[in-house]
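Structure file run.csv; described as CSV, C-alpha atoms.
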```csv
chain,number,residue,atom,x,y,z
A,1,MET,CA,111.6,82.3,140.8
A,2,ASN,CA,110.3,79.5,138.4
A,3,ASP,CA,110.0,79.8,134.7
A,4,ASP,CA,106.1,79.9,134.8
A,5,LEU,CA,106.2,82.9,137.2
A,6,ARG,CA,108.7,84.7,135.1
A,7,GLN,CA,106.6,84.2,132.0
A,8,GLN,CA,103.5,85.4,133.7
A,9,GLU,CA,105.3,88.5,135.0
A,10,LEU,CA,106.5,89.3,131.4
A,11,VAL,CA,103.0,88.9,130.0
A,12,ASP,CA,101.6,91.1,132.8
A,13,ALA,CA,104.3,93.7,132.0
A,14,VAL,CA,103.5,93.7,128.4
A,15,ARG,CA,99.8,94.1,129.1
A,16,ARG,CA,100.6,97.1,131.4
A,17,ASP,CA,102.7,98.6,128.6
A,18,LEU,CA,99.9,98.2,126.2
A,19,MET,CA,97.5,100.0,128.4
A,20,ARG,CA,100.0,102.9,128.8
A,21,ARG,CA,100.4,103.1,125.0
A,22,LEU,CA,96.6,103.0,124.4
A,23,PHE,CA,96.1,105.9,126.8
A,24,GLY,CA,98.9,107.9,125.3
A,25,LEU,CA,101.4,107.6,128.1
A,26,ALA,CA,104.2,105.9,126.2
A,27,ALA,CA,106.9,107.7,124.4
A,28,GLY,CA,106.3,105.6,121.3
A,29,ALA,CA,104.2,108.4,119.8
A,30,ALA,CA,107.4,110.1,118.9
A,31,VAL,CA,108.2,107.5,116.3
A,32,LEU,CA,104.8,106.0,115.4
A,33,PRO,CA,101.5,107.9,114.8
A,34,ALA,CA,98.8,107.9,117.4
A,35,LEU,CA,96.3,105.0,117.2
A,36,THR,CA,93.6,105.4,114.6
A,37,PRO,CA,90.2,103.7,115.1
A,38,LEU,CA,89.9,100.8,112.7
A,39,SER,CA,86.5,102.1,111.6
A,40,ALA,CA,88.2,105.3,110.3
A,41,LEU,CA,90.5,103.4,108.0
A,42,ALA,CA,90.0,102.1,104.5
A,43,ALA,CA,87.3,99.5,104.4
A,44,ASP,CA,88.8,97.5,101.4
A,45,ARG,CA,91.8,95.3,101.4
A,46,GLY,CA,95.0,97.2,101.0
A,47,PRO,CA,96.8,97.2,97.7
A,48,ALA,CA,99.5,94.7,96.8
A,49,VAL,CA,103.1,95.6,97.6
A,50,PRO,CA,105.3,96.0,94.5
A,51,ASP,CA,107.6,93.0,93.8
A,52,GLN,CA,111.2,93.2,94.9
A,53,LYS,CA,114.1,91.0,94.1
A,54,PRO,CA,115.9,89.3,97.0
A,55,VAL,CA,119.6,89.8,97.5
A,56,GLN,CA,121.9,86.9,98.5
A,57,VAL,CA,124.0,87.8,101.5
A,58,SER,CA,125.5,84.3,102.3
A,59,GLU,CA,125.4,80.8,100.9
A,60,HIS,CA,121.8,80.2,102.0
A,61,LEU,CA,120.4,83.5,103.2
A,62,TYR,CA,118.6,86.0,101.0
A,63,VAL,CA,117.1,89.4,102.0
A,64,LEU,CA,114.3,91.5,100.7
A,65,TYR,CA,115.4,94.9,101.7
A,66,ALA,CA,112.8,97.3,103.1
A,67,ARG,CA,111.8,100.6,101.7
A,68,GLY,CA,112.4,103.3,104.2
A,69,GLY,CA,113.2,103.7,107.9
A,70,PHE,CA,109.7,104.1,109.3
A,71,PRO,CA,106.2,103.0,108.3
A,72,ASN,CA,104.1,105.3,106.1
A,73,LYS,CA,101.6,105.2,103.3
A,74,GLU,CA,104.2,105.4,100.6
A,75,ASN,CA,106.2,102.3,101.7
A,76,GLN,CA,103.0,100.5,102.8
A,77,GLY,CA,104.7,99.6,106.0
A,78,PHE,CA,107.6,97.8,104.3
A,79,PHE,CA,110.2,99.2,106.7
A,80,ALA,CA,111.7,96.0,108.0
A,81,ASN,CA,113.6,93.4,105.9
A,82,VAL,CA,112.1,90.0,105.2
A,83,SER,CA,114.8,87.3,105.0
A,84,PHE,CA,114.7,83.7,104.0
A,85,VAL,CA,117.0,80.7,104.1
A,86,MET,CA,117.1,78.5,100.9
A,87,THR,CA,117.5,74.8,101.7
A,88,PRO,CA,117.3,71.7,99.4
A,89,LYS,CA,113.9,70.8,101.0
A,90,GLY,CA,112.4,74.3,101.0
A,91,VAL,CA,112.5,77.8,102.5
A,92,VAL,CA,112.7,79.1,106.0
A,93,VAL,CA,111.5,82.7,106.5
A,94,ILE,CA,113.0,85.0,109.2
A,95,ASP,CA,110.6,87.9,110.0
A,96,SER,CA,107.5,88.0,107.8
A,97,GLY,CA,106.9,91.7,107.4
A,98,THR,CA,104.3,94.2,108.5
A,99,SER,CA,101.3,93.0,106.6
A,100,VAL,CA,99.7,90.2,104.7
A,101,GLN,CA,100.5,92.1,101.5
A,102,ILE,CA,104.3,92.1,102.4
A,103,GLY,CA,104.1,88.4,103.2
A,104,GLU,CA,102.4,87.8,99.8
A,105,MET,CA,105.1,89.8,98.0
A,106,ALA,CA,107.8,87.7,99.8
A,107,ILE,CA,106.0,84.5,98.7
A,108,ARG,CA,106.0,85.7,95.1
A,109,ALA,CA,109.7,86.4,95.4
A,110,ILE,CA,110.3,82.9,96.7
A,111,ARG,CA,108.2,81.3,94.0
A,112,LYS,CA,110.5,82.9,91.4
A,113,MET,CA,113.4,81.1,93.0
A,114,THR,CA,112.0,77.7,93.9
A,115,ASP,CA,108.8,75.6,93.7
A,116,LYS,CA,109.6,74.0,97.1
A,117,PRO,CA,107.4,74.9,100.1
A,118,VAL,CA,108.0,77.3,103.0
A,119,LEU,CA,109.1,74.9,105.7
A,120,ALA,CA,108.9,77.3,108.7
A,121,VAL,CA,108.8,81.0,109.7
A,122,PHE,CA,110.8,82.6,112.6
A,123,ASN,CA,109.6,85.8,114.3
A,124,THR,CA,112.5,87.5,116.1
A,125,HIS,CA,110.3,89.5,118.6
A,126,PHE,CA,106.8,90.9,119.1
A,127,HIS,CA,107.0,94.2,117.2
A,128,GLY,CA,104.5,94.0,114.4
A,129,ASP,CA,106.9,94.7,111.5
A,130,HIS,CA,108.4,91.3,112.2
A,131,TRP,CA,105.3,89.1,112.4
A,132,LEU,CA,102.1,90.6,110.9
A,133,GLY,CA,103.1,89.0,107.6
A,134,ASN,CA,102.6,85.6,109.2
A,135,ASP,CA,99.0,85.8,107.9
A,136,ALA,CA,100.2,85.3,104.3
A,137,PHE,CA,102.5,82.4,105.1
A,138,LYS,CA,100.0,80.5,107.3
A,139,THR,CA,97.4,80.9,104.5
A,140,ALA,CA,99.7,79.6,101.8
A,141,PHE,CA,101.6,77.0,103.9
A,142,PRO,CA,99.2,76.0,106.8
A,143,GLU,CA,101.5,73.2,108.0
A,144,ALA,CA,104.5,75.4,108.4
A,145,PRO,CA,105.4,76.1,112.1
A,146,ILE,CA,106.0,79.7,113.1
A,147,TYR,CA,108.8,79.8,115.7
A,148,ALA,CA,109.4,82.5,118.4
A,149,HIS,CA,110.4,82.9,122.0
A,150,PRO,CA,107.6,81.5,124.2
A,151,ASN,CA,107.0,84.8,125.8
A,152,CYS,CA,106.8,86.4,122.4
A,153,ILE,CA,104.0,84.0,121.6
A,154,ALA,CA,102.2,84.8,124.9
A,155,SER,CA,102.5,88.6,124.4
A,156,ILE,CA,101.2,88.6,120.9
A,157,LYS,CA,98.2,86.5,121.9
A,158,THR,CA,97.4,88.6,125.0
A,159,ALA,CA,98.4,92.1,124.4
A,160,THR,CA,100.8,93.3,121.6
A,161,GLY,CA,98.9,91.6,118.7
A,162,PRO,CA,96.0,94.0,118.5
A,163,GLN,CA,98.1,97.0,119.5
A,164,TRP,CA,100.6,96.5,116.7
A,165,LEU,CA,97.9,95.8,114.1
A,166,GLN,CA,96.2,99.0,115.0
A,167,GLN,CA,99.4,101.0,115.2
A,168,MET,CA,100.5,99.9,111.7
A,169,MET,CA,97.1,100.5,110.3
A,170,GLY,CA,97.4,104.1,111.5
A,171,ALA,CA,101.0,104.6,110.4
A,172,THR,CA,100.2,103.4,106.8
A,173,GLU,CA,96.8,105.0,106.5
A,174,GLY,CA,95.1,101.7,106.1
A,175,MET,CA,97.5,100.2,103.4
A,176,ILE,CA,97.8,97.0,105.4
A,177,GLU,CA,94.0,96.5,105.6
A,178,GLY,CA,93.1,92.9,105.4
A,179,THR,CA,95.9,91.7,107.6
A,180,ARG,CA,94.8,89.3,110.3
A,181,ILE,CA,96.6,88.7,113.6
A,182,THR,CA,98.4,85.3,113.2
A,183,PRO,CA,100.6,84.6,116.3
A,184,PRO,CA,103.7,82.3,116.2
A,185,ASP,CA,102.8,78.9,117.4
A,186,HIS,CA,106.0,77.0,118.2
A,187,PRO,CA,108.2,78.1,121.1
A,188,VAL,CA,112.0,77.9,120.8
A,189,GLN,CA,114.7,78.4,123.3
A,190,HIS,CA,118.4,79.4,123.5
A,191,GLY,CA,120.7,76.9,122.0
A,192,GLN,CA,118.0,75.0,120.2
A,193,GLU,CA,119.1,73.7,116.8
A,194,LEU,CA,116.7,72.9,114.0
A,195,ASN,CA,117.6,71.2,110.7
A,196,PHE,CA,115.9,72.0,107.5
A,197,GLY,CA,117.0,70.1,104.4
A,198,GLY,CA,120.5,69.7,105.8
A,199,VAL,CA,120.8,73.3,106.8
A,200,THR,CA,121.1,73.9,110.6
A,201,LEU,CA,119.7,76.9,112.3
A,202,ARG,CA,120.7,77.7,115.9
A,203,VAL,CA,118.6,79.9,118.2
A,204,HIS,CA,120.3,82.5,120.4
A,205,HIS,CA,118.6,84.3,123.3
A,206,TYR,CA,120.6,86.1,126.0
A,207,GLY,CA,117.9,88.1,127.8
A,208,GLN,CA,116.4,91.5,127.3
A,209,ALA,CA,117.9,93.7,124.6
A,210,HIS,CA,115.6,95.5,122.1
A,211,THR,CA,112.8,93.6,123.8
A,212,PRO,CA,112.7,90.9,126.5
A,213,VAL,CA,112.0,88.2,123.9
A,214,ASP,CA,114.6,88.8,121.1
A,215,ILE,CA,115.8,85.7,119.4
A,216,MET,CA,118.7,85.6,116.9
A,217,VAL,CA,118.9,82.9,114.2
A,218,GLU,CA,122.3,81.6,113.2
A,219,ILE,CA,122.7,79.9,109.9
A,220,VAL,CA,125.4,77.7,111.2
A,221,GLY,CA,127.2,76.6,108.1
A,222,ASP,CA,127.2,80.1,106.6
A,223,LYS,CA,128.7,81.7,109.7
A,224,THR,CA,125.9,84.2,109.4
A,225,VAL,CA,123.5,85.4,112.2
A,226,HIS,CA,120.2,87.2,111.7
A,227,VAL,CA,120.2,89.5,114.7
A,228,GLY,CA,116.6,90.9,114.3
A,229,ASP,CA,116.5,94.3,115.9
A,230,VAL,CA,119.2,93.9,118.6
A,231,ALA,CA,121.5,95.7,116.2
A,232,MET,CA,120.6,98.0,113.3
A,233,ASP,CA,122.4,99.5,110.3
A,234,LYS,CA,122.2,103.3,110.3
A,235,ARG,CA,119.4,103.3,112.9
A,236,ILE,CA,119.2,103.4,116.7
A,237,ALA,CA,117.4,100.4,118.1
A,238,ASN,CA,114.4,101.6,120.1
A,239,MET,CA,114.8,100.7,123.8
A,240,GLU,CA,111.3,101.4,125.0
A,241,ASP,CA,110.7,97.7,125.5
A,242,GLY,CA,114.4,97.0,126.0
A,243,SER,CA,117.6,97.6,127.9
A,244,PHE,CA,120.9,99.2,127.0
A,245,THR,CA,122.9,97.1,129.5
A,246,GLY,CA,121.0,94.0,128.4
A,247,THR,CA,121.9,94.8,124.8
A,248,PHE,CA,125.6,94.9,125.6
A,249,LYS,CA,125.2,91.5,127.3
A,250,VAL,CA,123.6,90.1,124.2
A,251,TYR,CA,126.5,91.4,122.1
A,252,ASP,CA,128.9,89.7,124.5
A,253,GLY,CA,127.0,86.4,124.1
A,254,LEU,CA,126.9,86.6,120.3
A,255,GLU,CA,130.5,87.6,120.0
A,256,LYS,CA,131.5,84.7,122.2
A,257,ASN,CA,129.3,82.0,120.6
A,258,ALA,CA,129.2,83.1,117.0
A,259,VAL,CA,132.7,84.4,116.5
A,260,GLY,CA,133.5,85.8,113.0
A,261,SER,CA,129.9,85.9,111.8
A,262,LEU,CA,128.2,88.2,109.4
A,263,TRP,CA,125.6,90.0,111.3
A,264,VAL,CA,122.3,90.5,109.4
A,265,PRO,CA,119.9,93.1,110.8
A,266,ALA,CA,116.2,93.4,110.2
A,267,HIS,CA,116.7,97.1,109.4
A,268,GLY,CA,119.5,97.9,107.0
A,269,LYS,CA,122.4,95.9,105.5
A,270,PRO,CA,124.6,93.1,106.8
A,271,ASP,CA,128.0,94.1,108.3
A,272,ARG,CA,130.7,92.1,110.1
A,273,ASN,CA,131.3,95.1,112.3
A,274,LEU,CA,127.6,95.8,113.0
A,275,LEU,CA,127.8,94.8,116.7
A,276,VAL,CA,130.9,96.9,117.2
A,277,LYS,CA,129.3,100.0,115.7
A,278,ASN,CA,126.1,99.5,117.6
A,279,ARG,CA,128.0,99.0,120.9
A,280,GLU,CA,129.9,102.2,120.3
A,281,LEU,CA,126.8,104.3,119.5
A,282,LEU,CA,124.6,102.8,122.2
A,283,GLY,CA,127.4,102.9,124.7
A,284,GLY,CA,128.0,106.6,124.0
A,285,ILE,CA,124.3,107.2,124.9
A,286,TYR,CA,124.1,105.1,127.9
A,287,GLU,CA,127.5,105.8,129.5
A,288,ASN,CA,126.9,109.6,129.3
A,289,ALA,CA,123.4,109.1,130.8
A,290,LEU,CA,124.9,107.1,133.6
A,291,LYS,CA,127.6,109.8,134.2
A,292,ALA,CA,124.9,112.5,134.3
A,293,VAL,CA,122.8,110.5,136.9
A,294,GLN,CA,125.9,109.9,139.0
A,295,SER,CA,126.9,113.6,139.0
A,296,GLY,CA,123.3,114.9,139.7
A,297,LYS,CA,122.7,116.3,136.2
A,298,ASP,CA,119.3,116.4,134.6
A,299,ILE,CA,118.1,114.8,131.4
A,300,GLU,CA,118.8,117.9,129.3
A,301,GLU,CA,122.3,118.0,130.6
A,302,ALA,CA,122.7,114.3,129.8
A,303,LYS,CA,121.5,114.9,126.3
A,304,ALA,CA,124.2,117.6,125.8
A,305,MET,CA,126.8,115.2,127.1
A,306,VAL,CA,125.6,112.6,124.6
A,307,LEU,CA,125.6,114.9,121.7
A,308,ALA,CA,129.2,116.1,122.6
A,309,ASP,CA,130.5,112.5,122.8
A,310,PRO,CA,132.8,111.7,119.8
A,311,HIS,CA,131.5,108.1,119.8
A,312,VAL,CA,128.0,109.4,119.2
A,313,LYS,CA,128.9,112.3,116.8
A,314,LYS,CA,130.6,109.8,114.6
A,315,TYR,CA,127.3,108.2,113.7
A,316,ALA,CA,124.9,111.2,113.9
A,317,ASN,CA,124.9,112.1,110.2
A,318,ASP,CA,124.3,108.6,108.9
A,319,THR,CA,121.7,107.5,111.4
A,320,VAL,CA,118.1,107.7,110.3
A,321,GLY,CA,116.0,110.0,112.5
A,322,PHE,CA,118.9,110.9,114.7
A,323,ASN,CA,117.9,114.4,115.5
A,324,GLU,CA,114.3,113.6,116.1
A,325,SER,CA,115.0,110.6,118.4
A,326,ILE,CA,118.2,111.3,120.3
A,327,GLY,CA,116.4,113.1,123.1
A,328,LYS,CA,114.0,110.3,123.5
A,329,PHE,CA,116.7,107.6,123.6
A,330,THR,CA,118.8,109.7,126.0
A,331,SER,CA,115.7,109.9,128.3
A,332,ILE,CA,115.3,106.1,128.2
A,333,ALA,CA,119.0,105.6,128.9
A,334,TYR,CA,118.7,108.1,131.8
A,335,VAL,CA,115.9,106.2,133.4
A,336,GLU,CA,117.7,102.9,133.1
A,337,ALA,CA,120.9,104.5,134.6
A,338,GLU,CA,118.9,105.8,137.5
A,339,GLN,CA,117.7,102.3,138.2
A,340,LYS,CA,121.2,101.1,138.2
A,341,ALA,CA,122.6,103.9,140.3
A,342,PHE,CA,119.9,103.9,142.9
```

Go through the file and emit its structure as structure tokens.
Amino acid sequence: MNDDLRQQELVDAVRRDLMRRLFGLAAGAAVLPALTPLSALAADRGPAVPDQKPVQVSEHLYVLYARGGFPNKENQGFFANVSFVMTPKGVVVIDSGTSVQIGEMAIRAIRKMTDKPVLAVFNTHFHGDHWLGNDAFKTAFPEAPIYAHPNCIASIKTATGPQWLQQMMGATEGMIEGTRITPPDHPVQHGQELNFGGVTLRVHHYGQAHTPVDIMVEIVGDKTVHVGDVAMDKRIANMEDGSFTGTFKVYDGLEKNAVGSLWVPAHGKPDRNLLVKNRELLGGIYENALKAVQSGKDIEEAKAMVLADPHVKKYANDTVGFNESIGKFTSIAYVEAEQKAF
């Protein structure tokens, strides 16, 4: 199968997923509110997001840490980190946030550190908390390219862009009003290296994990990798658009090709053991789902097996939304296990 056909199949799959979500057939409603008509939301531009000071996590990488695990009116949708790489020539942003207001807050933070321009933006995947802030950066720095996996670009343009804007509008009760869909515009591929002011960034992509289009951005000289949502700190990565077994393959690729790195997630804090912890938790969910399928047990029995697993229990108390979401994630793992078993 050629690359063009693979890309078209992905776009078609994303479009079908969007239709399922729009008609209430997807499980995402368990995490995000039901879609709200735009006409029912606030007519004025949403308020500014309060300024936040970035935290340095490696020689060149700084992180604006999010406020809360899930989007709501109080945090104005600021539930995913915005990161940026400081270089002698300017700044490279990794994930731009959920709104134009969050993007503008990030620009204000950058301006307090340097008067150099934003050179580029990277979007790690097509979920809206990682790219809706593109609007602010493209307005302020129109020449700056916005990089993403080619199929991420296609999906935002054809399906997921309007869906995520609508979904985040509803989740925040209109606090992101004024945000415009601004897709990434420059495709990148696995192994590609880009140099910004003497700082080299390397792109990693190993297939479907959290989504089919996840890219991870390595700051080569820092031995630091921004992993997007393929691994999270004190959260379970949502697999509705992803794959448990694919995620484990991504971890294998990262551990092989970026040995000894500091792993920086888009949700939570950096940790050199982040992949190990996520592999243990996700493995506990998936392996028990697979055992349940192989022994003819149903999803409820699989959930009981997951909850009894010491590798899962170890993380239960520290994982945001664990009790509310473990049934859903077990169900997703069960379906994937069925596909593997049969």

In the coordinate frame of the file, compute which residues have an atom within 8 Å of (114.5, 86.7, 106.6) when using only C-alpha atoms, and state them as a tab-separated table (two decimals) with C-alpha atoms, keeping the file's coordinate frame.
```
chain	number	residue	atom	x	y	z
A	61	LEU	CA	120.40	83.50	103.20
A	62	TYR	CA	118.60	86.00	101.00
A	63	VAL	CA	117.10	89.40	102.00
A	64	LEU	CA	114.30	91.50	100.70
A	81	ASN	CA	113.60	93.40	105.90
A	82	VAL	CA	112.10	90.00	105.20
A	83	SER	CA	114.80	87.30	105.00
A	84	PHE	CA	114.70	83.70	104.00
A	85	VAL	CA	117.00	80.70	104.10
A	92	VAL	CA	112.70	79.10	106.00
A	93	VAL	CA	111.50	82.70	106.50
A	94	ILE	CA	113.00	85.00	109.20
A	95	ASP	CA	110.60	87.90	110.00
A	96	SER	CA	107.50	88.00	107.80
A	226	HIS	CA	120.20	87.20	111.70
A	266	ALA	CA	116.20	93.40	110.20
```

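Between CA of Asn195 (chain A) and CA of Met216 (chain A) lies a distance of 15.7 Å.
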
Counting only C-alpha atoms, find residues at most 8 Å from (96.6, 86.4, 114.2) (file frame) and give them as number ranges by chain. A: 132, 134-135, 157, 161, 180-183

Deliver the residues from the most recent selection as a file, using C-alpha atoms, as a compact mmCIF listing (two decimals), in the coordinates of the input.
```
# COMPACT_ATOMS: atom_id res chain seq x y z
CA LEU A 132 102.10 90.60 110.90
CA ASN A 134 102.60 85.60 109.20
CA ASP A 135 99.00 85.80 107.90
CA LYS A 157 98.20 86.50 121.90
CA GLY A 161 98.90 91.60 118.70
CA ARG A 180 94.80 89.30 110.30
CA ILE A 181 96.60 88.70 113.60
CA THR A 182 98.40 85.30 113.20
CA PRO A 183 100.60 84.60 116.30
```

Near Gly268 (chain A), counting all atoms listed in the file, which residues have an atom at most 10 Å away, once you skip same-chain residues fewer than 2 positions from it, shown as number ranges by chain? A: 65-69, 79-81, 231-235, 264-266, 270-271

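CA of Glu173 (chain A) sits 24.3 Å away from CA of Phe322 (chain A).
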
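Between CA of Tyr286 (chain A) and CA of Glu255 (chain A) lies a distance of 20.2 Å.
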
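Using all atoms listed in the file, the shortest contact distance between Val55 (chain A) and any of A:Ala237, A:Leu290, A:Ala109, A:Ile102 is found at A:Ala109.
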
Surrounding residues of Gly77 (chain A) excluding itself and chain neighbours under 6 positions, 12 Å, all atoms listed in the file, as a ChimeraX atom specification: /A:32,46-49,66-71,97-103,128-130,132-133,164-165,167-177,179

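Of the listed residues A:Ser331, A:Ser243, A:Asn257, A:Gln208, the one whose atoms come nearest to Glu300 (chain A) is A:Ser331, with distances taken using all atoms listed in the file.
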
Taking N, CA and C atoms as the atom set, what does region 238-267 of chain A look like once completed, written as a PDB file, in the frame of the given file?
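Saved result, out_1.pdb, follows:
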```
ATOM      1  N   ASN A 238     115.282 101.034 119.095  1.00  0.00           N
ATOM      2  CA  ASN A 238     114.400 101.600 120.100  1.00  0.00           C
ATOM      3  C   ASN A 238     114.424 100.784 121.374  1.00  0.00           C
ATOM      4  N   MET A 239     114.669 101.429 122.502  1.00  0.00           N
ATOM      5  CA  MET A 239     114.800 100.700 123.800  1.00  0.00           C
ATOM      6  C   MET A 239     113.571 100.856 124.670  1.00  0.00           C
ATOM      7  N   GLU A 240     112.456 101.302 124.137  1.00  0.00           N
ATOM      8  CA  GLU A 240     111.300 101.400 125.000  1.00  0.00           C
ATOM      9  C   GLU A 240     110.888 100.114 125.642  1.00  0.00           C
ATOM     10  N   ASP A 241     111.038  99.011 124.941  1.00  0.00           N
ATOM     11  CA  ASP A 241     110.700  97.700 125.500  1.00  0.00           C
ATOM     12  C   ASP A 241     112.009  96.957 125.903  1.00  0.00           C
ATOM     13  N   GLY A 242     113.159  97.667 125.862  1.00  0.00           N
ATOM     14  CA  GLY A 242     114.400  97.000 126.000  1.00  0.00           C
ATOM     15  C   GLY A 242     115.319  97.495 127.111  1.00  0.00           C
ATOM     16  N   SER A 243     116.610  97.256 126.926  1.00  0.00           N
ATOM     17  CA  SER A 243     117.600  97.600 127.900  1.00  0.00           C
ATOM     18  C   SER A 243     118.943  97.856 127.225  1.00  0.00           C
ATOM     19  N   PHE A 244     119.587  98.969 127.563  1.00  0.00           N
ATOM     20  CA  PHE A 244     120.900  99.200 127.000  1.00  0.00           C
ATOM     21  C   PHE A 244     121.918  98.213 127.588  1.00  0.00           C
ATOM     22  N   THR A 245     121.935  98.045 128.892  1.00  0.00           N
ATOM     23  CA  THR A 245     122.900  97.100 129.500  1.00  0.00           C
ATOM     24  C   THR A 245     122.613  95.681 129.056  1.00  0.00           C
ATOM     25  N   GLY A 246     121.325  95.352 128.901  1.00  0.00           N
ATOM     26  CA  GLY A 246     121.000  94.000 128.400  1.00  0.00           C
ATOM     27  C   GLY A 246     121.467  93.808 126.991  1.00  0.00           C
ATOM     28  N   THR A 247     121.397  94.854 126.173  1.00  0.00           N
ATOM     29  CA  THR A 247     121.900  94.800 124.800  1.00  0.00           C
ATOM     30  C   THR A 247     123.365  94.464 124.752  1.00  0.00           C
ATOM     31  N   PHE A 248     124.129  95.130 125.625  1.00  0.00           N
ATOM     32  CA  PHE A 248     125.600  94.900 125.600  1.00  0.00           C
ATOM     33  C   PHE A 248     125.863  93.425 126.039  1.00  0.00           C
ATOM     34  N   LYS A 249     125.063  92.866 126.938  1.00  0.00           N
ATOM     35  CA  LYS A 249     125.200  91.500 127.300  1.00  0.00           C
ATOM     36  C   LYS A 249     124.911  90.533 126.153  1.00  0.00           C
ATOM     37  N   VAL A 250     123.898  90.906 125.376  1.00  0.00           N
ATOM     38  CA  VAL A 250     123.600  90.100 124.200  1.00  0.00           C
ATOM     39  C   VAL A 250     124.722  90.138 123.206  1.00  0.00           C
ATOM     40  N   TYR A 251     125.309  91.313 122.990  1.00  0.00           N
ATOM     41  CA  TYR A 251     126.500  91.400 122.100  1.00  0.00           C
ATOM     42  C   TYR A 251     127.599  90.511 122.604  1.00  0.00           C
ATOM     43  N   ASP A 252     127.817  90.506 123.928  1.00  0.00           N
ATOM     44  CA  ASP A 252     128.900  89.700 124.500  1.00  0.00           C
ATOM     45  C   ASP A 252     128.581  88.187 124.169  1.00  0.00           C
ATOM     46  N   GLY A 253     127.324  87.772 124.325  1.00  0.00           N
ATOM     47  CA  GLY A 253     127.000  86.400 124.100  1.00  0.00           C
ATOM     48  C   GLY A 253     127.152  86.015 122.599  1.00  0.00           C
ATOM     49  N   LEU A 254     126.723  86.893 121.707  1.00  0.00           N
ATOM     50  CA  LEU A 254     126.900  86.600 120.300  1.00  0.00           C
ATOM     51  C   LEU A 254     128.341  86.561 119.871  1.00  0.00           C
ATOM     52  N   GLU A 255     129.116  87.527 120.357  1.00  0.00           N
ATOM     53  CA  GLU A 255     130.500  87.600 120.000  1.00  0.00           C
ATOM     54  C   GLU A 255     131.298  86.364 120.523  1.00  0.00           C
ATOM     55  N   LYS A 256     130.849  85.848 121.651  1.00  0.00           N
ATOM     56  CA  LYS A 256     131.500  84.700 122.200  1.00  0.00           C
ATOM     57  C   LYS A 256     131.101  83.393 121.493  1.00  0.00           C
ATOM     58  N   ASN A 257     129.826  83.268 121.141  1.00  0.00           N
ATOM     59  CA  ASN A 257     129.300  82.000 120.600  1.00  0.00           C
ATOM     60  C   ASN A 257     129.130  81.939 119.126  1.00  0.00           C
ATOM     61  N   ALA A 258     129.321  83.052 118.443  1.00  0.00           N
ATOM     62  CA  ALA A 258     129.200  83.100 117.000  1.00  0.00           C
ATOM     63  C   ALA A 258     130.345  83.913 116.413  1.00  0.00           C
ATOM     64  N   VAL A 259     131.552  83.583 116.813  1.00  0.00           N
ATOM     65  CA  VAL A 259     132.700  84.400 116.500  1.00  0.00           C
ATOM     66  C   VAL A 259     132.888  84.455 114.937  1.00  0.00           C
ATOM     67  N   GLY A 260     133.194  85.654 114.445  1.00  0.00           N
ATOM     68  CA  GLY A 260     133.500  85.800 113.000  1.00  0.00           C
ATOM     69  C   GLY A 260     132.312  85.786 112.120  1.00  0.00           C
ATOM     70  N   SER A 261     131.124  85.985 112.661  1.00  0.00           N
ATOM     71  CA  SER A 261     129.900  85.900 111.800  1.00  0.00           C
ATOM     72  C   SER A 261     129.637  87.182 111.084  1.00  0.00           C
ATOM     73  N   LEU A 262     128.857  87.027 110.037  1.00  0.00           N
ATOM     74  CA  LEU A 262     128.200  88.200 109.400  1.00  0.00           C
ATOM     75  C   LEU A 262     126.939  88.431 110.088  1.00  0.00           C
ATOM     76  N   TRP A 263     126.765  89.667 110.580  1.00  0.00           N
ATOM     77  CA  TRP A 263     125.600  90.000 111.300  1.00  0.00           C
ATOM     78  C   TRP A 263     124.556  90.652 110.386  1.00  0.00           C
ATOM     79  N   VAL A 264     123.372  90.067 110.318  1.00  0.00           N
ATOM     80  CA  VAL A 264     122.300  90.500 109.400  1.00  0.00           C
ATOM     81  C   VAL A 264     121.191  91.130 110.170  1.00  0.00           C
ATOM     82  N   PRO A 265     120.975  92.451 110.045  1.00  0.00           N
ATOM     83  CA  PRO A 265     119.900  93.100 110.800  1.00  0.00           C
ATOM     84  C   PRO A 265     118.574  93.041 110.065  1.00  0.00           C
ATOM     85  N   ALA A 266     117.507  93.290 110.797  1.00  0.00           N
ATOM     86  CA  ALA A 266     116.200  93.400 110.200  1.00  0.00           C
ATOM     87  C   ALA A 266     115.944  94.783 109.605  1.00  0.00           C
ATOM     88  N   HIS A 267     116.800  95.730 109.960  1.00  0.00           N
ATOM     89  CA  HIS A 267     116.700  97.100 109.400  1.00  0.00           C
ATOM     90  C   HIS A 267     118.124  97.438 108.896  1.00  0.00           C
TER      91      HIS A 267
END
```
